[in-house]
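Engineer: My structure is stored as target28.txt, with compact mmCIF, C-alpha atoms.
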# COMPACT_ATOMS: atom_id res chain seq x y z
CA MET A 1 0.00 0.00 0.00
CA ILE A 2 1.40 3.35 -0.96
CA ASP A 3 0.00 6.46 0.58
CA LEU A 4 -0.82 9.49 -1.50
CA GLU A 5 2.07 11.57 -0.27
CA PHE A 6 4.53 8.92 -1.32
CA ALA A 7 2.82 8.56 -4.69
CA GLU A 8 3.12 12.25 -5.39
CA PHE A 9 6.76 12.22 -4.47
CA ALA A 10 7.43 9.23 -6.68
CA VAL A 11 5.75 10.77 -9.70
CA SER A 12 7.79 13.91 -9.15
CA ALA A 13 10.90 11.80 -9.12
CA TRP A 14 9.93 10.24 -12.41
CA GLN A 15 9.38 13.68 -13.87
CA ILE A 16 12.82 14.87 -12.87
CA ASP A 17 14.47 11.77 -14.24
CA GLY A 18 12.53 12.04 -17.46
CA VAL A 19 13.40 15.65 -18.03
CA LEU A 20 17.07 15.02 -17.59
CA THR A 21 17.23 11.94 -19.76
CA ALA A 22 15.22 13.65 -22.46
CA HIS A 23 18.00 16.18 -22.97
CA PRO A 24 21.27 14.29 -22.53
CA PRO A 25 23.45 16.60 -24.66
CA LYS A 26 22.49 19.66 -22.67
CA ARG A 27 22.12 18.43 -19.15
CA ARG A 28 23.91 15.81 -17.16
CA PRO A 29 21.97 13.87 -14.56
CA SER A 30 22.40 15.57 -11.25
CA PRO A 31 23.30 13.67 -8.09
CA LEU A 32 19.68 14.11 -7.09
CA SER A 33 18.51 12.55 -10.32
CA LYS A 34 20.90 9.61 -9.92
CA ARG A 35 19.68 9.10 -6.42
CA LEU A 36 16.06 9.25 -7.56
CA SER A 37 16.59 6.86 -10.44
CA LYS A 38 16.49 3.92 -8.08
CA TRP A 39 12.87 4.83 -7.42
CA ALA A 40 11.94 4.20 -11.02
CA GLY A 41 10.19 0.90 -10.40
CA HIS A 42 8.12 2.49 -7.68
CA VAL A 43 7.32 5.34 -9.96
CA VAL A 44 5.90 3.02 -12.55
CA LEU A 45 3.78 1.43 -9.88
CA THR A 46 2.48 4.68 -8.51
CA ALA A 47 1.94 6.11 -11.97
CA GLY A 48 -0.23 3.08 -12.65
CA LEU A 49 -2.21 3.83 -9.55
CA VAL A 50 -3.17 7.21 -10.83
CA GLY A 51 -4.76 5.47 -13.67
CA MET A 52 -3.88 6.06 -17.29
CA LEU A 53 -0.53 4.49 -18.03
CA PRO A 54 0.29 1.33 -20.00
CA LEU A 55 2.24 -0.54 -17.37
CA THR A 56 3.43 -3.33 -19.64
CA SER A 57 5.26 -0.98 -21.97
CA LEU A 58 6.72 0.89 -19.06
CA HIS A 59 8.17 -2.29 -17.62
CA ALA A 60 9.37 -3.56 -20.98
CA GLY A 61 11.35 -0.53 -22.02
CA GLY A 62 13.02 0.48 -18.79
CA PRO A 63 12.56 3.88 -17.21
CA SER A 64 14.10 6.19 -19.80
CA ALA A 65 12.84 4.35 -22.87
CA ALA A 66 9.41 4.12 -21.35
CA VAL A 67 9.27 7.80 -20.65
CA GLU A 68 10.03 8.62 -24.23
CA SER A 69 7.91 5.94 -25.85
CA THR A 70 4.65 6.15 -23.94
CA ALA A 71 2.05 8.68 -23.07
CA LEU A 72 3.74 9.14 -19.71
CA HIS A 73 6.02 11.70 -21.28
CA ARG A 74 3.08 13.80 -22.29
CA GLU A 75 0.96 12.96 -19.26
CA LEU A 76 3.39 13.73 -16.52
CA LEU A 77 6.35 15.56 -17.92
CA PRO A 78 5.48 19.20 -18.36
CA SER A 79 6.88 20.79 -21.46
CA THR A 80 8.56 24.16 -21.22
CA ARG A 81 5.27 25.74 -22.16
CA ASP A 82 3.43 23.76 -19.51
CA ARG A 83 5.90 24.79 -16.87
CA ALA A 84 5.40 28.42 -17.83
CA ALA A 85 1.67 27.97 -17.64
CA ARG A 86 1.82 26.69 -14.08
CA ALA A 87 1.43 30.29 -12.94
CA ASP A 88 -2.19 30.01 -14.08
CA PRO A 89 -4.07 28.04 -11.41
CA ASP A 90 -6.81 27.10 -13.89
CA TYR A 91 -4.38 25.74 -16.47
CA ILE A 92 -4.80 22.06 -17.31
CA PRO A 93 -1.79 20.45 -19.01
CA ALA A 94 -2.62 18.70 -22.24
CA GLY A 95 -3.39 15.06 -21.65
CA HIS A 96 -3.68 15.39 -17.89
CA TRP A 97 -6.64 13.08 -17.82
CA PRO A 98 -7.41 12.78 -14.11
CA LYS A 99 -7.88 16.52 -13.83
CA MET A 100 -9.56 16.81 -17.20
CA LEU A 101 -12.00 14.01 -16.49
CA ALA A 102 -12.87 15.46 -13.12
CA LEU A 103 -13.50 18.80 -14.75
CA LEU A 104 -15.66 17.34 -17.50
CA GLU A 105 -17.63 15.16 -15.14
CA SER A 106 -18.40 18.16 -12.99
CA GLN A 107 -20.07 19.97 -15.87
CA PRO A 108 -23.80 19.75 -16.55
CA THR A 109 -24.91 18.13 -19.79
CA ALA A 110 -27.36 19.48 -22.31
CA PRO A 111 -30.19 17.41 -23.79
CA PRO A 112 -30.03 16.82 -27.55
CA ASP A 113 -32.21 18.92 -29.81
CA SER A 114 -35.79 17.71 -29.93
CA ASP A 115 -37.17 16.10 -33.07
CA ASP A 116 -39.82 18.81 -32.99
CA ASP A 117 -37.12 21.43 -33.49
CA TYR A 118 -35.54 19.71 -36.47
CA ILE A 119 -33.98 22.08 -38.99
CA GLU A 120 -33.07 20.88 -42.45
CA PRO A 121 -29.29 20.95 -42.89
CA PHE A 122 -28.10 24.03 -44.76
CA ILE A 123 -26.26 21.88 -47.29
CA MET B 1 -18.36 47.39 -32.20
CA SER B 2 -21.46 45.38 -31.26
CA ASP B 3 -21.38 42.47 -28.82
CA TRP B 4 -21.04 40.11 -31.75
CA TRP B 5 -19.25 41.90 -34.55
CA LEU B 6 -16.10 43.93 -34.92
CA LEU B 7 -16.32 47.40 -36.31
CA THR B 8 -13.17 46.76 -38.29
CA LEU B 9 -12.11 43.35 -39.54
CA HIS B 10 -8.92 41.75 -38.31
CA GLU B 11 -6.10 42.16 -40.78
CA VAL B 12 -5.85 38.42 -41.26
CA LEU B 13 -8.43 35.67 -41.56
CA SER B 14 -9.77 34.77 -38.12
CA GLN B 15 -12.13 32.37 -36.43
CA GLY B 16 -15.64 33.78 -36.58
CA ASP B 17 -15.15 35.62 -39.86
CA ILE B 18 -18.08 35.67 -42.25
CA VAL B 19 -16.91 35.03 -45.80
CA ASP B 20 -19.00 35.08 -48.94
CA THR B 21 -18.92 32.93 -52.06
CA GLN B 22 -17.44 29.81 -50.53
CA PRO B 23 -18.08 26.23 -51.68
CA LEU B 24 -20.58 24.56 -49.36
CA VAL B 25 -20.69 20.99 -50.54
CA MET B 26 -21.89 17.53 -49.68
CA PRO B 27 -20.85 14.39 -51.59
CA CYS B 28 -23.80 12.92 -53.46
CA TRP B 29 -25.13 9.58 -52.36
CA PRO B 30 -24.65 7.04 -53.72
CA ALA B 31 -21.10 7.89 -54.73
CA THR B 32 -20.66 8.83 -58.37
CA PHE B 33 -17.03 8.74 -59.46
CA LEU B 34 -15.76 10.95 -62.25
CA ALA B 35 -12.82 10.70 -64.61
CA ARG B 36 -11.43 12.98 -67.28
CA GLY B 37 -12.42 12.15 -70.83
CA THR B 38 -13.00 13.73 -74.23
CA LYS B 39 -16.08 14.23 -76.35
CA GLY B 40 -15.00 15.17 -79.84
CA SER B 41 -12.55 17.99 -79.29
CA GLN B 42 -13.95 18.89 -75.89
CA ARG B 43 -12.59 17.79 -72.55
CA VAL B 44 -15.32 16.44 -70.30
CA TRP B 45 -15.85 14.65 -67.01
CA GLU B 46 -17.25 11.18 -67.44
CA VAL B 47 -18.87 8.89 -64.90
CA SER B 48 -16.46 6.20 -63.81
CA ASP B 49 -17.41 2.84 -62.32
CA THR B 50 -14.54 2.96 -59.86
CA PRO B 51 -12.55 5.72 -58.13
CA ALA B 52 -9.70 6.58 -60.46
CA PRO B 53 -6.75 8.74 -59.39
CA ASP B 54 -6.78 12.05 -61.22
CA LYS B 55 -3.65 13.13 -63.04
CA GLU B 56 -3.48 16.40 -61.11
CA ASP B 57 -3.00 15.05 -57.61
CA GLN B 58 -3.69 11.30 -57.77
CA GLN B 59 -6.92 11.79 -55.83
CA PRO B 60 -10.18 10.44 -57.25
CA ARG B 61 -12.97 12.82 -58.22
CA PHE B 62 -16.60 12.32 -57.31
CA LEU B 63 -19.88 14.16 -57.62
CA SER B 64 -20.97 16.59 -54.93
CA ARG B 65 -23.86 18.92 -54.54
CA GLY B 66 -24.03 22.29 -52.86
CA ARG B 67 -23.68 25.95 -53.58
CA PHE B 68 -21.36 28.89 -53.24
CA GLY B 69 -22.49 31.06 -50.37
CA LEU B 70 -21.86 32.63 -47.00
CA CYS B 71 -19.95 30.73 -44.38
CA LEU B 72 -18.54 31.11 -40.90
CA VAL B 73 -14.86 30.35 -40.38
CA VAL B 74 -14.65 27.69 -37.66
CA SER B 75 -10.90 27.03 -37.70
CA HIS B 76 -9.12 28.47 -34.69
CA ASP B 77 -6.85 31.46 -35.21
CA CYS B 78 -3.94 29.31 -34.08
CA GLU B 79 -4.57 27.02 -37.06
CA LEU B 80 -5.13 29.82 -39.53
CA ASP B 81 -1.83 31.54 -38.87
CA LYS B 82 0.35 28.43 -39.01
CA GLU B 83 2.30 28.19 -42.21
CA LYS B 84 1.95 24.42 -42.52
CA ALA B 85 -1.72 24.43 -41.55
CA ARG B 86 -2.67 27.17 -43.96
CA GLY B 87 -3.79 24.81 -46.68
CA ARG B 88 -7.21 24.04 -45.20
CA VAL B 89 -9.96 26.01 -43.49
CA THR B 90 -12.90 24.56 -41.60
CA ILE B 91 -16.12 26.38 -42.32
CA ALA B 92 -19.84 26.10 -41.60
CA PRO B 93 -22.69 27.29 -43.82
CA ILE B 94 -24.87 30.18 -42.74
CA GLN B 95 -28.21 31.43 -43.99
CA PRO B 96 -30.70 34.18 -43.12
CA ILE B 97 -32.61 33.26 -40.01
CA ALA B 98 -35.79 34.32 -41.80
CA HIS B 99 -35.51 31.07 -43.77
CA LEU B 100 -36.43 29.11 -40.65
CA ASP B 101 -39.93 28.40 -39.45
CA GLU B 102 -41.14 30.88 -36.88
CA LYS B 103 -41.21 28.31 -34.08
CA VAL B 104 -37.65 27.10 -34.47
CA ARG B 105 -36.44 30.60 -35.30
CA GLN B 106 -37.41 31.72 -31.82
CA LYS B 107 -35.57 28.78 -30.30
CA VAL B 108 -32.46 29.49 -32.34
CA MET B 109 -32.47 33.16 -31.38
CA ALA B 110 -32.91 32.18 -27.72
CA GLN B 111 -29.79 29.97 -27.96
CA GLU B 112 -31.98 26.93 -27.30
CA HIS B 113 -31.05 25.00 -30.42
CA LEU B 114 -27.71 23.23 -30.13
CA ALA B 115 -26.90 22.60 -33.77
CA VAL B 116 -27.97 25.92 -35.22
CA MET B 117 -26.42 28.98 -33.62
CA PRO B 118 -27.77 32.50 -34.13
CA LEU B 119 -25.58 35.15 -35.72
CA PRO B 120 -27.61 38.26 -34.93
CA GLY B 121 -27.13 41.52 -36.75
CA ILE B 122 -24.23 40.75 -39.06
CA PRO B 123 -23.21 44.16 -40.41
CA SER B 124 -24.91 44.82 -43.76
CA LEU B 125 -26.35 41.29 -43.78
CA GLY B 126 -28.74 41.15 -40.82
CA ASP B 127 -29.77 38.20 -38.71
CA HIS B 128 -28.34 34.90 -39.83
CA CYS B 129 -27.65 31.51 -38.27
CA VAL B 130 -24.96 28.89 -38.73
CA ASP B 131 -25.48 25.14 -39.11
CA LEU B 132 -22.77 23.51 -37.00
CA ARG B 133 -23.82 20.03 -38.19
CA ALA B 134 -22.61 20.92 -41.67
CA VAL B 135 -19.02 21.84 -40.86
CA SER B 136 -16.65 21.08 -43.73
CA THR B 137 -13.08 21.73 -44.74
CA ILE B 138 -12.09 23.54 -47.90
CA ASP B 139 -8.94 24.66 -49.66
CA ARG B 140 -7.60 27.83 -48.10
CA ARG B 141 -7.31 29.47 -51.50
CA PHE B 142 -11.10 29.67 -51.74
CA VAL B 143 -11.30 31.66 -48.53
CA ASP B 144 -8.33 33.86 -49.34
CA GLY B 145 -10.08 34.81 -52.56
CA GLY B 146 -13.45 35.29 -50.86
CA ASP B 147 -15.20 38.39 -49.64
CA ARG B 148 -14.84 38.78 -45.86
CA LYS B 149 -18.02 40.44 -44.68
CA ALA B 150 -17.63 40.56 -40.90
CA GLY B 151 -15.56 39.35 -37.98
CA MET B 152 -16.60 38.14 -34.55
CA THR B 153 -15.62 39.90 -31.37
CA ASP B 154 -13.63 37.92 -28.82
CA SER B 155 -16.80 37.45 -26.76
CA ALA B 156 -18.67 36.04 -29.72
CA LYS B 157 -15.78 33.71 -30.50
CA LYS B 158 -15.99 32.33 -26.98
CA LEU B 159 -19.70 31.68 -27.47
CA LEU B 160 -18.91 29.85 -30.70
CA ARG B 161 -16.27 27.68 -29.03
CA ALA B 162 -18.56 26.86 -26.12
CA ARG B 163 -21.31 25.94 -28.58
CA LEU B 164 -19.00 23.63 -30.51
CA VAL B 165 -18.05 21.84 -27.29
CA THR B 166 -21.66 21.48 -26.19
CA LEU B 167 -22.84 20.31 -29.60
CA LEU B 168 -20.23 17.57 -29.84
CA THR B 169 -20.11 16.49 -26.19
CA ARG B 170 -23.39 17.68 -24.69
CA ILE B 171 -21.27 19.20 -21.94
CA VAL B 172 -22.40 22.68 -20.99
CA LEU B 173 -19.48 24.96 -20.19
CA GLU B 174 -20.47 27.28 -17.40
Step by step, read the file and then write its structure as structure tokens.

Structural biologist:
Amino acid sequence: MIDLEFAEFAVSAWQIDGVLTAHPPKRRPSPLSKRLSKWAGHVVLTAGLVGMLPLTSLHAGGPSAAVESTALHRELLPSTRDRAARADPDYIPAGHWPKMLALLESQPTAPPDSDDDYIEPFI
Amino acid sequence: MSDWWLLTLHEVLSQGDIVDTQPLVMPCWPATFLARGTKGSQRVWEVSDTPAPDKEDQQPRFLSRGRFGLCLVVSHDCELDKEKARGRVTIAPIQPIAHLDEKVRQKVMAQEHLAVMPLPGIPSLGDHCVDLRAVSTIDRRFVDGGDRKAGMTDSAKKLLRARLVTLLTRIVLE
């Protein structure tokens, strides 16, 4: 059982590792990143707990390959633009499904147009 | 500037622009394929039993119906100003709201019809409405050569975007 606080920390660790390995020519893994890399297996597990990640491909490719080859990169690694947008509290990163789904499910739905109100298509 | 329409058009094509003389088309059913041919000395289009790639772009030709008329630009500004995305524009046909029956006209004007959105008081054109079920994509060159009649204000654009979301998802954005 992993508590939520640990899960959040682990996902953050995965993000840091992914950012660094995504830009090897520019940035060398920091001591912190090396230290966090041993958490990778846990990160996969906790990322799975939040719901939307293909665990089999994550396990098969190893941490760095998985980050670059699955939706995890887009789901959890903020791009430069996303990081800049963090200043906006209402900003939802692209592909951040848990937040997006919660937002959508909180919205009311409209009934379809009634047959009585049918309008012939304009084309 | 009204709530809906800009006093002065944007310099470049924008979402919510009203453009005249655009192809509003629907492929005919059943599909009728066409191929280039000759009749005497004249070049003609002939019905083809199968889709045949045309010499111009290797795409088959087929029969469509429709008209050239007023449309609303649906593509987002961020698509319209991208060099690589400039080749296509998504549009929706519009027509005078007076063409609708009185009963549904009232519903459309009251924003109670999802698929048909009112476009009240378009400058020099009057009350119109747009059919968001009939969205289509056309070659950008048609629009660039068309007559831009009006442009939506930012508030009106937001209404359009919210309507598109609600029409396709039934989710009401509040």

Engineer: Select residues of chain B: the criterion is any atom within 10 Å of an atom of chain A, counting only C-alpha atoms; output as a CSV table (one decimal) with C-alpha atoms, keeping the file's coordinate frame.

Structural biologist:
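Heads up, here's the output in out.csv:
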chain,number,residue,atom,x,y,z
B,24,LEU,CA,-20.6,24.6,-49.4
B,25,VAL,CA,-20.7,21.0,-50.5
B,26,MET,CA,-21.9,17.5,-49.7
B,65,ARG,CA,-23.9,18.9,-54.5
B,66,GLY,CA,-24.0,22.3,-52.9
B,67,ARG,CA,-23.7,26.0,-53.6
B,92,ALA,CA,-19.8,26.1,-41.6
B,93,PRO,CA,-22.7,27.3,-43.8
B,94,ILE,CA,-24.9,30.2,-42.7
B,95,GLN,CA,-28.2,31.4,-44.0
B,100,LEU,CA,-36.4,29.1,-40.6
B,101,ASP,CA,-39.9,28.4,-39.4
B,103,LYS,CA,-41.2,28.3,-34.1
B,104,VAL,CA,-37.6,27.1,-34.5
B,105,ARG,CA,-36.4,30.6,-35.3
B,107,LYS,CA,-35.6,28.8,-30.3
B,108,VAL,CA,-32.5,29.5,-32.3
B,112,GLU,CA,-32.0,26.9,-27.3
B,113,HIS,CA,-31.0,25.0,-30.4
B,114,LEU,CA,-27.7,23.2,-30.1
B,115,ALA,CA,-26.9,22.6,-33.8
B,116,VAL,CA,-28.0,25.9,-35.2
B,129,CYS,CA,-27.6,31.5,-38.3
B,130,VAL,CA,-25.0,28.9,-38.7
B,131,ASP,CA,-25.5,25.1,-39.1
B,132,LEU,CA,-22.8,23.5,-37.0
B,133,ARG,CA,-23.8,20.0,-38.2
B,134,ALA,CA,-22.6,20.9,-41.7
B,135,VAL,CA,-19.0,21.8,-40.9
B,166,THR,CA,-21.7,21.5,-26.2
B,167,LEU,CA,-22.8,20.3,-29.6
B,169,THR,CA,-20.1,16.5,-26.2
B,170,ARG,CA,-23.4,17.7,-24.7
B,171,ILE,CA,-21.3,19.2,-21.9
B,172,VAL,CA,-22.4,22.7,-21.0
B,173,LEU,CA,-19.5,25.0,-20.2
B,174,GLU,CA,-20.5,27.3,-17.4

Engineer: Select, counting only C-alpha atoms, all protein, DNA and RNA residues no farther than 12 Å from (-11.6, 21.9, -36.1) in file coordinates, and express the selection as a list in words.

Structural biologist: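 Applying the cut-off with only C-alpha atoms, one gets Gln15, Val73, Val74, Ser75, His76, Asp77, Cys78, Glu79, Leu80, Ala85, Arg88, Val89, Thr90, Ile91, Ala92, Leu132, Val135, Ser136, Thr137, Ile138, Arg161, Leu164, Val165 and Leu168 of chain B.
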
Engineer: If we count only C-alpha atoms, what is near Glu11 (chain B) at a cut-off of 12 Å, once residues fewer than 6 positions away on the same chain are taken out, given as a list in words?

Structural biologist: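 Skipping anything fewer than 6 positions along the chain leaves Asp17, Asp81, Arg148, Ala150 and Gly151 of chain B.
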
Engineer: So how many Å separate CA of Asp147 (chain B) and CA of Trp5 (chain B), to one decimal?

Structural biologist: 16.0 Å

Engineer: If you count only C-alpha atoms, which residues fall within 12 Å of Arg36 (chain B), apart from same-chain ones fewer than 6 positions away, as a list in words?

Structural biologist: Gln42, Arg43, Val44, Trp45, Glu46, Val47, Ser48, Pro51, Ala52, Pro53, Asp54, Lys55, Glu56, Pro60, Arg61 and Phe62 of chain B

Engineer: Around the point (-15.2, 32.9, -45.4) in the file's coordinates, collect all residues with an atom within 6 Å, using all atoms listed in the file, and return them as an mmCIF file with C-alpha atoms, keeping the file's coordinate frame.

Structural biologist:
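Saved as selection.cif:
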data_model
loop_
_atom_site.group_PDB
_atom_site.id
_atom_site.type_symbol
_atom_site.label_atom_id
_atom_site.label_comp_id
_atom_site.auth_asym_id
_atom_site.auth_seq_id
_atom_site.Cartn_x
_atom_site.Cartn_y
_atom_site.Cartn_z
ATOM 1 C CA ILE B 18 -18.080 35.670 -42.250
ATOM 2 C CA VAL B 19 -16.910 35.030 -45.800
ATOM 3 C CA ASP B 20 -19.000 35.080 -48.940
ATOM 4 C CA CYS B 71 -19.950 30.730 -44.380
ATOM 5 C CA LEU B 72 -18.540 31.110 -40.900
ATOM 6 C CA VAL B 73 -14.860 30.350 -40.380
ATOM 7 C CA VAL B 143 -11.300 31.660 -48.530
ATOM 8 C CA ARG B 148 -14.840 38.780 -45.860
#

Engineer: When distances are computed from only C-alpha atoms, which of B:Asp139, B:Pro30, B:Lys157, B:Pro23 shows the smallest separation from Gly87 (chain B)?

Structural biologist: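 Looking at the shortest contact to Gly87 (chain B), the residue is B:Asp139.
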
Engineer: Please measure the separation of CA of Phe68 (chain B) and CA of Gln22 (chain B), giving the value in Å to one decimal.

Structural biologist: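 Spanning CA of Phe68 (chain B) to CA of Gln22 (chain B) is a straight-line distance of 4.9 Å.
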